[in-house]
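Novice: Handing over query.cif, mmCIF, C-alpha atoms (C1' of nucleotides).
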```cif
data_target
loop_
_atom_site.label_atom_id
_atom_site.label_comp_id
_atom_site.auth_asym_id
_atom_site.auth_seq_id
_atom_site.Cartn_x
_atom_site.Cartn_y
_atom_site.Cartn_z
CA MET A 9 67.21 22.84 -51.25
CA ASN A 10 67.23 23.20 -47.49
CA ALA A 11 67.09 19.40 -47.35
CA GLU A 12 67.13 17.28 -44.26
CA GLN A 13 70.36 18.81 -42.97
CA ARG A 14 72.63 16.96 -40.60
CA PRO A 15 71.14 16.12 -37.26
CA LEU A 16 71.02 18.92 -34.72
CA ARG A 17 73.82 19.42 -32.34
CA ALA A 18 73.15 17.61 -29.06
CA ASP A 19 72.37 20.73 -27.04
CA ALA A 20 70.17 22.06 -29.81
CA GLN A 21 68.23 18.83 -29.94
CA ARG A 22 67.72 18.94 -26.22
CA ASN A 23 66.50 22.52 -26.37
CA LEU A 24 64.18 21.79 -29.25
CA GLU A 25 62.48 19.14 -27.19
CA ARG A 26 62.11 21.41 -24.22
CA ILE A 27 60.77 24.18 -26.40
CA THR A 28 58.21 21.92 -27.98
CA ALA A 29 57.06 20.63 -24.63
CA SER A 30 56.84 24.09 -23.11
CA ALA A 31 55.00 25.52 -26.07
CA GLN A 32 52.55 22.64 -25.96
CA ALA A 33 51.95 23.20 -22.28
CA LEU A 34 51.52 26.97 -22.45
CA PHE A 35 49.40 26.99 -25.59
CA ALA A 36 47.19 24.37 -24.02
CA GLU A 37 46.79 26.40 -20.87
CA ARG A 38 46.57 29.93 -22.25
CA GLY A 39 45.47 29.46 -25.80
CA THR A 40 47.11 31.27 -28.67
CA ALA A 41 47.63 34.23 -26.38
CA ALA A 42 50.57 32.43 -24.78
CA GLN A 43 53.63 34.58 -25.35
CA MET A 44 56.86 33.69 -27.05
CA GLU A 45 58.94 35.03 -24.19
CA ASP A 46 57.02 32.99 -21.66
CA ILE A 47 57.45 29.87 -23.73
CA ALA A 48 61.17 30.47 -24.00
CA ALA A 49 61.45 31.14 -20.29
CA HIS A 50 59.41 28.05 -19.47
CA ALA A 51 61.78 26.02 -21.60
CA GLY A 52 64.76 27.64 -19.92
CA VAL A 53 66.14 29.19 -23.10
CA GLY A 54 66.29 32.68 -24.58
CA VAL A 55 63.86 33.90 -27.21
CA GLY A 56 66.66 33.87 -29.75
CA THR A 57 66.94 30.13 -29.37
CA LEU A 58 63.24 29.70 -29.81
CA TYR A 59 63.30 31.76 -32.99
CA ARG A 60 66.19 29.73 -34.37
CA ARG A 61 63.92 26.68 -34.55
CA PHE A 62 60.63 28.36 -35.29
CA PRO A 63 60.96 31.55 -37.31
CA THR A 64 57.54 32.81 -36.29
CA LYS A 65 55.00 32.15 -33.61
CA GLU A 66 52.66 30.86 -36.26
CA SER A 67 55.15 28.25 -37.42
CA LEU A 68 55.48 27.02 -33.85
CA LEU A 69 51.75 26.81 -33.39
CA THR A 70 51.31 25.12 -36.73
CA ALA A 71 53.87 22.44 -35.93
CA LEU A 72 52.10 21.66 -32.69
CA VAL A 73 48.63 21.75 -34.19
CA ARG A 74 49.58 19.44 -37.01
CA GLY A 75 51.03 16.98 -34.57
CA ARG A 76 47.89 16.88 -32.52
CA PHE A 77 45.67 16.84 -35.56
CA GLN A 78 47.37 13.73 -36.82
CA GLU A 79 46.24 11.99 -33.66
CA PHE A 80 42.74 12.38 -35.03
CA THR A 81 43.57 10.12 -37.90
CA VAL A 82 45.21 7.57 -35.65
CA ILE A 83 42.15 7.51 -33.42
CA ALA A 84 39.73 7.21 -36.30
CA THR A 85 41.72 4.43 -37.87
CA GLU A 86 41.90 2.52 -34.63
CA ILE A 87 38.16 2.86 -34.12
CA GLU A 88 37.38 1.74 -37.62
CA ALA A 89 39.33 -1.43 -37.03
CA THR A 90 38.04 -2.05 -33.52
CA ILE A 91 34.43 -1.16 -33.16
CA GLU A 92 31.95 -3.42 -34.83
CA ASP A 93 28.73 -1.53 -34.42
CA PRO A 94 28.52 1.11 -37.16
CA TYR A 95 26.70 3.69 -35.10
CA ASP A 96 28.86 3.11 -32.08
CA ALA A 97 31.95 3.60 -34.21
CA LEU A 98 30.81 7.02 -35.35
CA ALA A 99 29.68 8.10 -31.92
CA THR A 100 32.85 6.90 -30.28
CA MET A 101 34.98 8.65 -32.85
CA MET A 102 33.26 11.92 -32.18
CA ARG A 103 33.63 11.52 -28.45
CA ARG A 104 37.28 10.55 -28.70
CA HIS A 105 38.05 13.41 -31.04
CA ALA A 106 36.40 15.86 -28.72
CA GLU A 107 38.29 14.47 -25.76
CA THR A 108 41.53 14.93 -27.62
CA VAL A 109 40.83 18.61 -27.83
CA GLU A 110 39.49 19.00 -24.33
CA ASP A 111 42.54 20.17 -22.43
CA ASP A 112 44.18 22.31 -25.07
CA ALA A 113 42.78 25.79 -25.56
CA ALA A 114 44.99 26.68 -28.52
CA PHE A 115 44.16 23.44 -30.23
CA GLN A 116 40.47 24.13 -29.71
CA LEU A 117 40.80 27.44 -31.48
CA ALA A 118 42.79 25.77 -34.22
CA MET A 119 40.13 23.13 -34.73
CA MET A 120 37.41 25.71 -35.01
CA SER A 121 39.32 27.78 -37.52
CA ILE A 122 40.74 24.86 -39.40
CA ASN A 123 38.75 25.78 -42.47
CA SER A 124 39.05 29.52 -42.30
CA PHE A 125 42.73 29.88 -41.60
CA GLN A 126 45.71 28.78 -43.63
CA TRP A 127 47.54 26.29 -41.49
CA GLU A 128 50.64 25.60 -43.55
CA GLY A 129 50.49 21.99 -44.69
CA ILE A 130 47.38 21.01 -42.82
CA GLU A 131 45.57 20.11 -46.02
CA GLU A 132 47.43 16.80 -46.27
CA ASP A 133 46.52 15.91 -42.74
CA LYS A 134 42.98 16.88 -43.42
CA SER A 135 42.51 14.65 -46.41
CA ALA A 136 44.12 11.73 -44.63
CA LEU A 137 41.60 12.13 -41.84
CA ASN A 138 38.73 12.66 -44.21
CA ALA A 139 39.28 9.34 -45.90
CA VAL A 140 38.83 7.41 -42.67
CA VAL A 141 35.97 9.50 -41.37
CA LEU A 142 34.14 9.07 -44.66
CA ARG A 143 34.33 5.30 -44.40
CA ILE A 144 33.00 5.36 -40.86
CA ILE A 145 30.12 7.61 -41.80
CA GLU A 146 29.19 5.60 -44.85
CA ARG A 147 29.29 2.37 -42.95
CA ALA A 148 26.84 3.81 -40.43
CA GLN A 149 24.63 5.05 -43.21
CA ARG A 150 24.59 1.71 -45.01
CA ALA A 151 23.54 0.14 -41.74
CA GLY A 152 20.71 2.63 -41.59
CA ALA A 153 21.89 3.88 -38.24
CA VAL A 154 22.59 7.43 -39.29
CA ARG A 155 20.61 9.90 -41.35
CA ALA A 156 21.36 9.42 -45.03
CA ASP A 157 21.79 13.09 -45.74
CA LEU A 158 24.81 13.51 -43.48
CA ARG A 159 27.72 14.68 -45.58
CA ILE A 160 31.39 14.34 -44.89
CA GLU A 161 31.93 18.11 -44.85
CA GLU A 162 29.53 18.27 -41.96
CA TYR A 163 31.80 16.32 -39.70
CA GLY A 164 34.10 19.30 -39.32
CA MET A 165 31.15 21.56 -38.75
CA LEU A 166 29.83 19.42 -35.92
CA MET A 167 33.23 19.21 -34.32
CA CYS A 168 33.61 22.97 -34.67
CA ALA A 169 30.34 23.48 -32.84
CA THR A 170 31.20 21.02 -30.11
CA THR A 171 34.62 22.53 -29.64
CA ALA A 172 33.10 25.98 -29.34
CA THR A 173 31.10 24.86 -26.33
CA MET A 174 34.37 23.85 -24.67
CA TYR A 175 36.25 26.95 -25.61
CA PHE A 176 33.65 29.49 -24.69
CA LEU A 177 31.72 27.83 -21.91
CA HIS A 178 34.08 27.15 -19.10
CA ASP A 179 32.08 24.32 -17.72
CA ARG A 180 33.76 20.97 -18.12
CA GLY A 181 31.20 18.62 -19.46
CA VAL A 182 28.80 20.85 -21.36
CA TRP A 183 30.36 19.74 -24.59
CA ARG A 184 29.34 16.18 -23.84
CA ARG A 185 25.80 17.35 -23.59
CA HIS A 186 26.04 19.13 -26.91
CA LEU A 187 27.52 16.08 -28.54
CA GLU A 188 24.81 13.87 -27.07
CA ILE A 189 22.11 16.05 -28.58
CA VAL A 190 23.87 16.15 -31.92
CA LEU A 191 24.31 12.39 -31.93
CA ASP A 192 20.60 11.98 -31.28
CA GLY A 193 19.99 14.33 -34.18
CA LEU A 194 22.17 12.21 -36.41
CA ARG A 195 20.25 8.98 -35.89
CA SER A 196 18.14 8.02 -38.80
CA ALA A 197 14.75 9.66 -38.73
CA THR A 198 13.48 6.15 -39.37
CA ALA A 199 15.56 4.54 -36.64
CA MET B 14 25.32 61.57 -9.53
CA ASN B 15 26.15 61.88 -13.17
CA ALA B 16 22.40 61.95 -13.75
CA GLU B 17 20.66 62.33 -17.06
CA GLN B 18 22.41 65.57 -17.92
CA ARG B 19 20.89 68.11 -20.31
CA PRO B 20 20.45 66.88 -23.86
CA LEU B 21 23.51 66.82 -26.05
CA ARG B 22 24.35 69.78 -28.17
CA ALA B 23 22.85 69.41 -31.61
CA ASP B 24 26.12 68.64 -33.39
CA ALA B 25 27.12 66.21 -30.68
CA GLN B 26 23.84 64.36 -30.99
CA ARG B 27 24.31 64.11 -34.73
CA ASN B 28 27.82 62.78 -34.31
CA LEU B 29 26.72 60.27 -31.70
CA GLU B 30 24.27 58.79 -34.13
CA ARG B 31 26.83 58.60 -36.90
CA ILE B 32 29.33 57.00 -34.56
CA THR B 33 26.86 54.39 -33.42
CA ALA B 34 25.89 53.54 -36.97
CA SER B 35 29.49 53.35 -38.16
CA ALA B 36 30.57 51.27 -35.22
CA GLN B 37 27.68 48.89 -35.80
CA ALA B 38 28.60 48.58 -39.46
CA LEU B 39 32.30 48.04 -38.96
CA PHE B 40 31.98 45.67 -36.03
CA ALA B 41 29.49 43.68 -38.03
CA GLU B 42 31.81 43.48 -40.99
CA ARG B 43 35.20 43.05 -39.29
CA GLY B 44 34.33 41.69 -35.90
CA THR B 45 35.90 43.01 -32.74
CA ALA B 46 39.07 43.65 -34.70
CA ALA B 47 37.50 46.76 -36.21
CA GLN B 48 39.65 49.70 -35.16
CA MET B 49 38.63 52.81 -33.29
CA GLU B 50 40.32 55.06 -35.83
CA ASP B 51 38.50 53.40 -38.68
CA ILE B 52 35.19 53.75 -36.91
CA ALA B 53 35.81 57.43 -36.28
CA ALA B 54 36.88 57.98 -39.87
CA HIS B 55 33.85 56.10 -41.17
CA ALA B 56 31.66 58.36 -39.06
CA GLY B 57 33.50 61.39 -40.33
CA VAL B 58 34.75 62.46 -36.90
CA GLY B 59 38.08 62.42 -35.06
CA VAL B 60 38.98 59.74 -32.53
CA GLY B 61 38.73 62.32 -29.80
CA THR B 62 35.07 62.76 -30.53
CA LEU B 63 34.52 59.05 -30.43
CA TYR B 64 36.26 58.77 -27.08
CA ARG B 65 34.18 61.60 -25.68
CA ARG B 66 31.05 59.42 -25.98
CA PHE B 67 32.59 56.04 -25.33
CA PRO B 68 35.57 56.13 -22.99
CA THR B 69 36.85 52.75 -24.13
CA LYS B 70 36.44 50.45 -27.07
CA GLU B 71 34.85 47.95 -24.78
CA SER B 72 32.17 50.40 -23.68
CA LEU B 73 31.31 51.06 -27.31
CA LEU B 74 31.09 47.38 -28.10
CA THR B 75 29.07 46.70 -25.00
CA ALA B 76 26.52 49.36 -25.83
CA LEU B 77 26.02 47.89 -29.26
CA VAL B 78 25.93 44.32 -28.07
CA ARG B 79 23.37 45.06 -25.39
CA GLY B 80 21.18 46.76 -27.93
CA ARG B 81 21.22 43.81 -30.23
CA PHE B 82 20.87 41.34 -27.41
CA GLN B 83 17.67 42.97 -26.30
CA GLU B 84 16.22 42.15 -29.70
CA PHE B 85 16.44 38.54 -28.60
CA THR B 86 13.92 39.13 -25.90
CA VAL B 87 11.60 41.00 -28.24
CA ILE B 88 11.74 38.18 -30.71
CA ALA B 89 11.14 35.51 -28.11
CA THR B 90 8.23 37.40 -26.62
CA GLU B 91 6.64 37.89 -30.00
CA ILE B 92 7.01 34.22 -30.81
CA GLU B 93 5.56 33.14 -27.51
CA ALA B 94 2.46 35.19 -28.24
CA THR B 95 2.14 34.25 -31.87
CA ILE B 96 3.06 30.67 -32.51
CA GLU B 97 0.62 28.09 -31.25
CA ASP B 98 2.49 24.89 -31.81
CA PRO B 99 4.85 24.39 -28.85
CA TYR B 100 7.59 22.71 -30.82
CA ASP B 101 7.32 25.14 -33.67
CA ALA B 102 7.65 28.02 -31.23
CA LEU B 103 10.92 26.70 -29.87
CA ALA B 104 12.31 25.86 -33.29
CA THR B 105 11.31 29.20 -34.73
CA MET B 106 12.82 31.05 -31.83
CA MET B 107 16.13 29.34 -32.33
CA ARG B 108 16.08 30.05 -36.04
CA ARG B 109 15.15 33.68 -35.56
CA HIS B 110 17.76 34.20 -32.89
CA ALA B 111 20.40 32.71 -35.11
CA GLU B 112 19.32 34.87 -38.01
CA THR B 113 19.65 37.93 -35.82
CA VAL B 114 23.30 37.14 -35.34
CA GLU B 115 23.98 36.11 -38.88
CA ASP B 116 25.39 39.29 -40.40
CA ASP B 117 27.29 40.64 -37.45
CA ALA B 118 30.68 39.12 -36.73
CA ALA B 119 31.31 41.05 -33.52
CA PHE B 120 27.91 40.14 -32.21
CA GLN B 121 28.58 36.52 -32.98
CA LEU B 122 31.72 36.61 -30.89
CA ALA B 123 29.83 38.40 -28.15
CA MET B 124 27.11 35.75 -28.13
CA MET B 125 29.62 32.97 -27.87
CA SER B 126 31.48 34.59 -25.02
CA ILE B 127 28.42 35.89 -23.27
CA ASN B 128 29.03 33.61 -20.33
CA SER B 129 32.78 33.85 -20.13
CA PHE B 130 33.24 37.59 -20.46
CA GLN B 131 31.99 40.42 -18.29
CA TRP B 132 29.70 42.48 -20.50
CA GLU B 133 28.87 45.40 -18.26
CA GLY B 134 25.19 45.22 -17.46
CA ILE B 135 24.35 42.28 -19.67
CA GLU B 136 23.12 40.22 -16.75
CA GLU B 137 19.83 42.11 -16.63
CA ASP B 138 19.25 41.54 -20.32
CA LYS B 139 20.14 37.93 -19.84
CA SER B 140 17.62 37.25 -17.13
CA ALA B 141 14.88 39.04 -19.03
CA LEU B 142 15.52 36.78 -21.98
CA ASN B 143 15.81 33.70 -19.84
CA ALA B 144 12.34 34.15 -18.43
CA VAL B 145 10.73 34.01 -21.85
CA VAL B 146 12.90 31.25 -23.20
CA LEU B 147 12.15 29.15 -20.16
CA ARG B 148 8.41 29.44 -20.75
CA ILE B 149 8.79 28.42 -24.37
CA ILE B 150 10.92 25.44 -23.50
CA GLU B 151 8.62 24.26 -20.74
CA ARG B 152 5.58 24.59 -22.93
CA ALA B 153 7.23 22.36 -25.52
CA GLN B 154 8.19 19.89 -22.86
CA ARG B 155 4.67 19.75 -21.39
CA ALA B 156 3.41 19.02 -24.87
CA GLY B 157 5.88 16.16 -25.05
CA ALA B 158 7.45 17.64 -28.14
CA VAL B 159 10.89 18.16 -26.70
CA ARG B 160 13.12 15.93 -24.58
CA ALA B 161 12.31 16.37 -20.94
CA ASP B 162 15.92 16.66 -19.86
CA LEU B 163 16.57 19.86 -21.76
CA ARG B 164 17.58 22.55 -19.29
CA ILE B 165 17.33 26.27 -19.68
CA GLU B 166 21.09 26.76 -19.33
CA GLU B 167 21.50 24.61 -22.40
CA TYR B 168 19.80 27.12 -24.61
CA GLY B 169 22.82 29.40 -24.51
CA MET B 170 25.08 26.45 -25.13
CA LEU B 171 23.20 25.44 -28.25
CA MET B 172 23.18 28.99 -29.55
CA CYS B 173 26.89 29.25 -28.81
CA ALA B 174 27.52 26.16 -30.87
CA THR B 175 25.35 27.30 -33.73
CA THR B 176 26.93 30.72 -33.74
CA ALA B 177 30.37 29.16 -33.86
CA THR B 178 29.53 27.49 -37.13
CA MET B 179 28.71 30.90 -38.57
CA TYR B 180 31.73 32.62 -37.16
CA PHE B 181 34.32 30.06 -38.09
CA LEU B 182 32.89 28.43 -41.18
CA HIS B 183 32.52 31.04 -43.84
CA ASP B 184 29.80 29.25 -45.65
CA ARG B 185 26.47 30.94 -45.38
CA GLY B 186 23.98 28.34 -44.50
CA VAL B 187 25.99 25.72 -42.66
CA TRP B 188 24.60 26.96 -39.41
CA ARG B 189 21.10 26.10 -40.59
CA ARG B 190 22.28 22.58 -41.05
CA HIS B 191 23.71 22.48 -37.56
CA LEU B 192 20.54 23.84 -36.09
CA GLU B 193 18.44 21.34 -37.99
CA ILE B 194 20.46 18.47 -36.56
CA VAL B 195 20.25 19.92 -33.07
CA LEU B 196 16.51 20.41 -33.37
CA ASP B 197 16.13 16.80 -34.39
CA GLY B 198 18.21 15.89 -31.37
CA LEU B 199 15.90 17.90 -29.14
CA ARG B 200 12.72 16.11 -30.12
CA SER B 201 11.46 13.73 -27.52
CA ALA B 202 13.09 10.36 -27.73
CA THR B 203 9.54 9.09 -27.53
CA ALA B 204 8.16 11.43 -30.19
"C1'" DG C 16 93.53 20.59 -28.12
"C1'" DC C 17 91.98 23.55 -31.89
"C1'" DG C 18 89.23 25.94 -35.33
"C1'" DG C 19 85.10 27.16 -36.76
"C1'" DA C 20 80.42 26.28 -37.69
"C1'" DA C 21 76.31 25.97 -35.14
"C1'" DG C 22 73.96 27.52 -31.18
"C1'" DA C 23 72.60 30.56 -27.12
"C1'" DG C 24 70.95 34.71 -25.00
"C1'" DG C 25 68.60 38.73 -24.37
"C1'" DA C 26 68.61 43.76 -25.08
"C1'" DA C 27 66.81 46.50 -28.47
"C1'" DC C 28 63.82 47.31 -32.33
"C1'" DT C 29 59.26 47.60 -34.44
"C1'" DA C 30 54.51 47.70 -35.62
"C1'" DC C 31 50.17 48.16 -34.10
"C1'" DG C 32 46.26 49.99 -31.94
"C1'" DG C 33 43.97 51.85 -27.92
"C1'" DT C 34 43.94 56.15 -25.38
"C1'" DT C 35 45.17 60.95 -23.98
"C1'" DC C 36 45.66 65.86 -24.46
"C1'" DC C 37 45.20 70.31 -25.71
"C1'" DG C 38 44.61 74.06 -28.96
"C1'" DT C 39 40.77 75.33 -31.85
"C1'" DA C 40 35.87 75.62 -33.21
"C1'" DT C 41 30.96 76.16 -32.44
"C1'" DA C 42 26.19 75.78 -30.56
"C1'" DA C 43 23.17 78.12 -27.51
"C1'" DG C 44 21.64 81.40 -24.10
"C1'" DC C 45 21.63 86.46 -22.84
"C1'" DG D 25 26.88 90.03 -31.20
"C1'" DC D 26 29.21 88.15 -27.17
"C1'" DT D 27 30.40 84.66 -23.86
"C1'" DT D 28 31.33 80.36 -22.53
"C1'" DA D 29 30.45 75.65 -21.75
"C1'" DT D 30 30.57 71.98 -24.75
"C1'" DA D 31 32.51 69.70 -28.50
"C1'" DC D 32 35.93 68.70 -32.16
"C1'" DG D 33 40.28 66.93 -34.32
"C1'" DG D 34 44.16 64.43 -34.67
"C1'" DA D 35 49.07 64.35 -33.48
"C1'" DA D 36 51.41 62.31 -29.92
"C1'" DC D 37 51.77 58.93 -26.35
"C1'" DC D 38 52.17 54.35 -24.44
"C1'" DG D 39 52.02 49.48 -23.57
"C1'" DT D 40 52.29 45.16 -25.61
"C1'" DA D 41 54.22 41.39 -27.93
"C1'" DG D 42 56.45 39.55 -32.00
"C1'" DT D 43 60.92 39.64 -34.14
"C1'" DT D 44 65.80 40.89 -35.08
"C1'" DC D 45 70.64 41.14 -34.32
"C1'" DC D 46 74.93 40.88 -32.57
"C1'" DT D 47 78.14 39.20 -29.13
"C1'" DC D 48 79.54 35.43 -26.65
"C1'" DT D 49 79.56 30.27 -25.97
"C1'" DT D 50 79.70 25.42 -27.02
"C1'" DC D 51 79.80 21.16 -29.50
"C1'" DC D 52 82.25 18.30 -32.72
"C1'" DG D 53 85.40 16.73 -36.42
"C1'" DC D 54 90.27 16.82 -37.47
#
```
I'd like the structure from this file rewritten - as structure tokens, please.
Specialist:
Amino acid sequence: MNAEQRPLRADAQRNLERITASAQALFAERGTAAQMEDIAAHAGVGVGTLYRRFPTKESLLTALVRGRFQEFTVIATEIEATIEDPYDALATMMRRHAETVEDDAAFQLAMMSINSFQWEGIEEDKSALNAVVLRIIERAQRAGAVRADLRIEEYGMLMCATTATMYFLHDRGVWRRHLEIVLDGLRSATA
Amino acid sequence: MNAEQRPLRADAQRNLERITASAQALFAERGTAAQMEDIAAHAGVGVGTLYRRFPTKESLLTALVRGRFQEFTVIATEIEATIEDPYDALATMMRRHAETVEDDAAFQLAMMSINSFQWEGIEEDKSALNAVVLRIIERAQRAGAVRADLRIEEYGMLMCATTATMYFLHDRGVWRRHLEIVLDGLRSATA
DNA sequence: GCGGAAGAGGAACTACGGTTCCGTATAAGC
DNA sequence: GCTTATACGGAACCGTAGTTCCTCTTCCGC
């Protein structure tokens, strides 16, 4: 197969890093509308070089999105281990996840469409995250802090909604308000 | 000025209606990605004819969006006059507004970007709607049914979020779940 | 140092979709 | 019926942005 071939040549490695960084920066700033030529220029390479590493724009975006998405799992795991209070753990996770997305327009779009678009290989990442999130939700439910009818699939939905307020409403901070209202809505009716 | 010129020729009037209906149908089904040629074909006319009435795709979309947006005001006004219970009025308005958007992908996108995109002339429609919504919100607040810190600008934000769950999550009904949680979050902390 | 495989660059190619243009058709008034 | 302003159709045009391709360069093992 196309195996893990020998390491990249030194210059290629260097360029790959610059490309990745530039792509991250431009996608964050301009969303998925960022152009391949601009990314290449920003990285100081030609488009041909860019296409050698990432055969399509989508593959470039996907690589970046997966990388950032995996941070979600790291964050959730860290919170699970750190925060005692079951409700606080859930609330903090949601806030931290939203903050992760805050300054990256392309990532915002990716998060919203995570369930309606085929991001090559994202399914693995998604189930890894789901496992941790599920534990955090169930812990909060067992403690009676969160409505019992909250289902794991709804986590993505709530994040999608929160992210939309960032993406579409260019008013830093509104999303916090949305999340606050949602969190209030998640508290047990009998709290 | 370009005044209200004489009425359209009979055939032109007929075509205008078919164009409007086709555009509405295709934008609803395919979102803003619906193509001008397809719309013309669906209406049984050439693109030239389409462009005679609507000089740009954006103008066509805007006309449709404004039309649908105005329904919002009608709905809100009707609810204000009909529903006694202050909380119920607010909740019903949100549900009805969301339902209005439900089967129209382009309109969903328009609603989400209503504050970040220049929809020619939408400002008027927006302030007409705002007046009614404000009364409904304040009535609910005076009754102590809804958190006192809810601000009128947040209505659009909540609808944006709810709409996003329709647009991105292709699961009819999730949005109702989102709205339910939000509505719970809106109830007075002291309710 | 040399040979060649791996890499770089960027002009050119392509597909797509909105928009224009103009020759032809037709409604509507005399 | 005739005239003409209005309208129609759709091929052609154009800009945009992703992708390809081919020539030239550079790293790296012998």
Novice: So that I can check the surroundings of DC38 of chain D, please list as a PyMOL selection string every protein, DNA and RNA residue that reaches within 10 Å of it, counting all atoms listed in the file and ignoring chain neighbours fewer than 6 positions away.
Specialist: chain C and resi 33-35
Novice: What's the 9 Å shell around Thr178 of chain B, counting all atoms listed in the file, without same-chain residues fewer than 4 positions away, as number ranges by chain?
Specialist: A: 120, 165-166, 168-169, 172; B: 173-174, 182-184, 187-188, 191
Novice: Hey, list the chain A side of the contact with chain D: 9 Å cut-off, only C-alpha atoms (C1' of nucleotides), answer as a PyMOL selection string.
Specialist: chain A and resi 17-19+43-45+56+59+63-65
Novice: Give me the result of the PyMOL selection byres ((chain A and resi 73-90) around 8) on this file, residue by residue, as a compact mmCIF listing (two decimals) with C-alpha atoms, keeping the file's coordinate frame.
Specialist:
```txt
# COMPACT_ATOMS: atom_id res chain seq x y z
CA LEU A 69 51.75 26.81 -33.39
CA THR A 70 51.31 25.12 -36.73
CA ALA A 71 53.87 22.44 -35.93
CA LEU A 72 52.10 21.66 -32.69
CA ILE A 91 34.43 -1.16 -33.16
CA GLU A 92 31.95 -3.42 -34.83
CA ALA A 97 31.95 3.60 -34.21
CA THR A 100 32.85 6.90 -30.28
CA MET A 101 34.98 8.65 -32.85
CA ARG A 104 37.28 10.55 -28.70
CA HIS A 105 38.05 13.41 -31.04
CA THR A 108 41.53 14.93 -27.62
CA PHE A 115 44.16 23.44 -30.23
CA ALA A 118 42.79 25.77 -34.22
CA ILE A 130 47.38 21.01 -42.82
CA ASP A 133 46.52 15.91 -42.74
CA ALA A 136 44.12 11.73 -44.63
CA LEU A 137 41.60 12.13 -41.84
CA VAL A 140 38.83 7.41 -42.67
CA VAL A 141 35.97 9.50 -41.37
CA ILE A 144 33.00 5.36 -40.86
```
Novice: Mind telling me what the PyMOL selection byres ((chain A) within 12 of (chain B)) catches here, as a short mmCIF file (atom, residue, chain, number, x, y, z; two decimals) with C-alpha atoms, keeping the file's coordinate frame?
Specialist:
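Output below, filename selection.cif:
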```
data_model
loop_
_atom_site.label_atom_id
_atom_site.label_comp_id
_atom_site.auth_asym_id
_atom_site.auth_seq_id
_atom_site.Cartn_x
_atom_site.Cartn_y
_atom_site.Cartn_z
CA GLN A 116 40.47 24.13 -29.71
CA LEU A 117 40.80 27.44 -31.48
CA ALA A 118 42.79 25.77 -34.22
CA MET A 119 40.13 23.13 -34.73
CA MET A 120 37.41 25.71 -35.01
CA SER A 121 39.32 27.78 -37.52
CA ILE A 122 40.74 24.86 -39.40
CA ASN A 123 38.75 25.78 -42.47
CA SER A 124 39.05 29.52 -42.30
CA PHE A 125 42.73 29.88 -41.60
CA VAL A 154 22.59 7.43 -39.29
CA ARG A 155 20.61 9.90 -41.35
CA ASP A 157 21.79 13.09 -45.74
CA LEU A 158 24.81 13.51 -43.48
CA ARG A 159 27.72 14.68 -45.58
CA GLU A 161 31.93 18.11 -44.85
CA GLU A 162 29.53 18.27 -41.96
CA TYR A 163 31.80 16.32 -39.70
CA GLY A 164 34.10 19.30 -39.32
CA MET A 165 31.15 21.56 -38.75
CA LEU A 166 29.83 19.42 -35.92
CA MET A 167 33.23 19.21 -34.32
CA CYS A 168 33.61 22.97 -34.67
CA ALA A 169 30.34 23.48 -32.84
CA THR A 170 31.20 21.02 -30.11
CA THR A 171 34.62 22.53 -29.64
CA ALA A 172 33.10 25.98 -29.34
CA THR A 173 31.10 24.86 -26.33
CA MET A 174 34.37 23.85 -24.67
CA TYR A 175 36.25 26.95 -25.61
CA PHE A 176 33.65 29.49 -24.69
CA LEU A 177 31.72 27.83 -21.91
CA HIS A 178 34.08 27.15 -19.10
CA ASP A 179 32.08 24.32 -17.72
CA GLY A 181 31.20 18.62 -19.46
CA VAL A 182 28.80 20.85 -21.36
CA TRP A 183 30.36 19.74 -24.59
CA ARG A 184 29.34 16.18 -23.84
CA ARG A 185 25.80 17.35 -23.59
CA HIS A 186 26.04 19.13 -26.91
CA LEU A 187 27.52 16.08 -28.54
CA GLU A 188 24.81 13.87 -27.07
CA ILE A 189 22.11 16.05 -28.58
CA VAL A 190 23.87 16.15 -31.92
CA LEU A 191 24.31 12.39 -31.93
CA ASP A 192 20.60 11.98 -31.28
CA GLY A 193 19.99 14.33 -34.18
CA LEU A 194 22.17 12.21 -36.41
CA ARG A 195 20.25 8.98 -35.89
CA SER A 196 18.14 8.02 -38.80
CA ALA A 197 14.75 9.66 -38.73
CA THR A 198 13.48 6.15 -39.37
CA ALA A 199 15.56 4.54 -36.64
#
```
Novice: Just so the selection is clear, what residues does the PyMOL selection byres ((chain C and resi 24) around 6) cover here, as a PyMOL selection string?
Specialist: (chain A and resi 54) or (chain C and resi 23+25)
Novice: What lies within 10 Å of Gln32 of chain A using only C-alpha atoms (C1' of nucleotides), ignoring chain neighbours under 2 positions off, as a list in words?
Specialist: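 Once the adjacent positions are removed, what remains is Arg26, Ile27, Thr28, Ala29, Ser30, Leu34, Phe35, Ala36, Glu37, Gly39, Ile47, Leu68, Leu69, Leu72, Val73, Arg76, Asp112, Ala114 and Phe115 of chain A.
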Novice: For chain B, which residue among C:DA20, C:DT29, C:DC37, C:DA42 is the nearest when counting all atoms listed in the file?
Specialist: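 Closest candidate: C:DA42.
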Novice: One number please: atom CA of Val55 of chain A to atom CA of Leu16 of chain A, in Å, one decimal.
Specialist: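 Taking atom CA of Val55 of chain A as the start and atom CA of Leu16 of chain A as the end point, the length is 18.2 Å.
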Novice: Expressed in Å to a single decimal, how great is the separation between atom CA of Ile160 of chain A and atom CA of Asp93 of chain A?
Specialist: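 Computed distance, atom CA of Ile160 of chain A to atom CA of Asp93 of chain A, equals 19.2 Å.
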Novice: Just the number, please: distance in Å from atom CA of Glu25 of chain A to atom CA of Phe62 of chain A, one decimal.
Specialist: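 According to the coordinates, atom CA of Glu25 of chain A and atom CA of Phe62 of chain A are separated by 12.4 Å.
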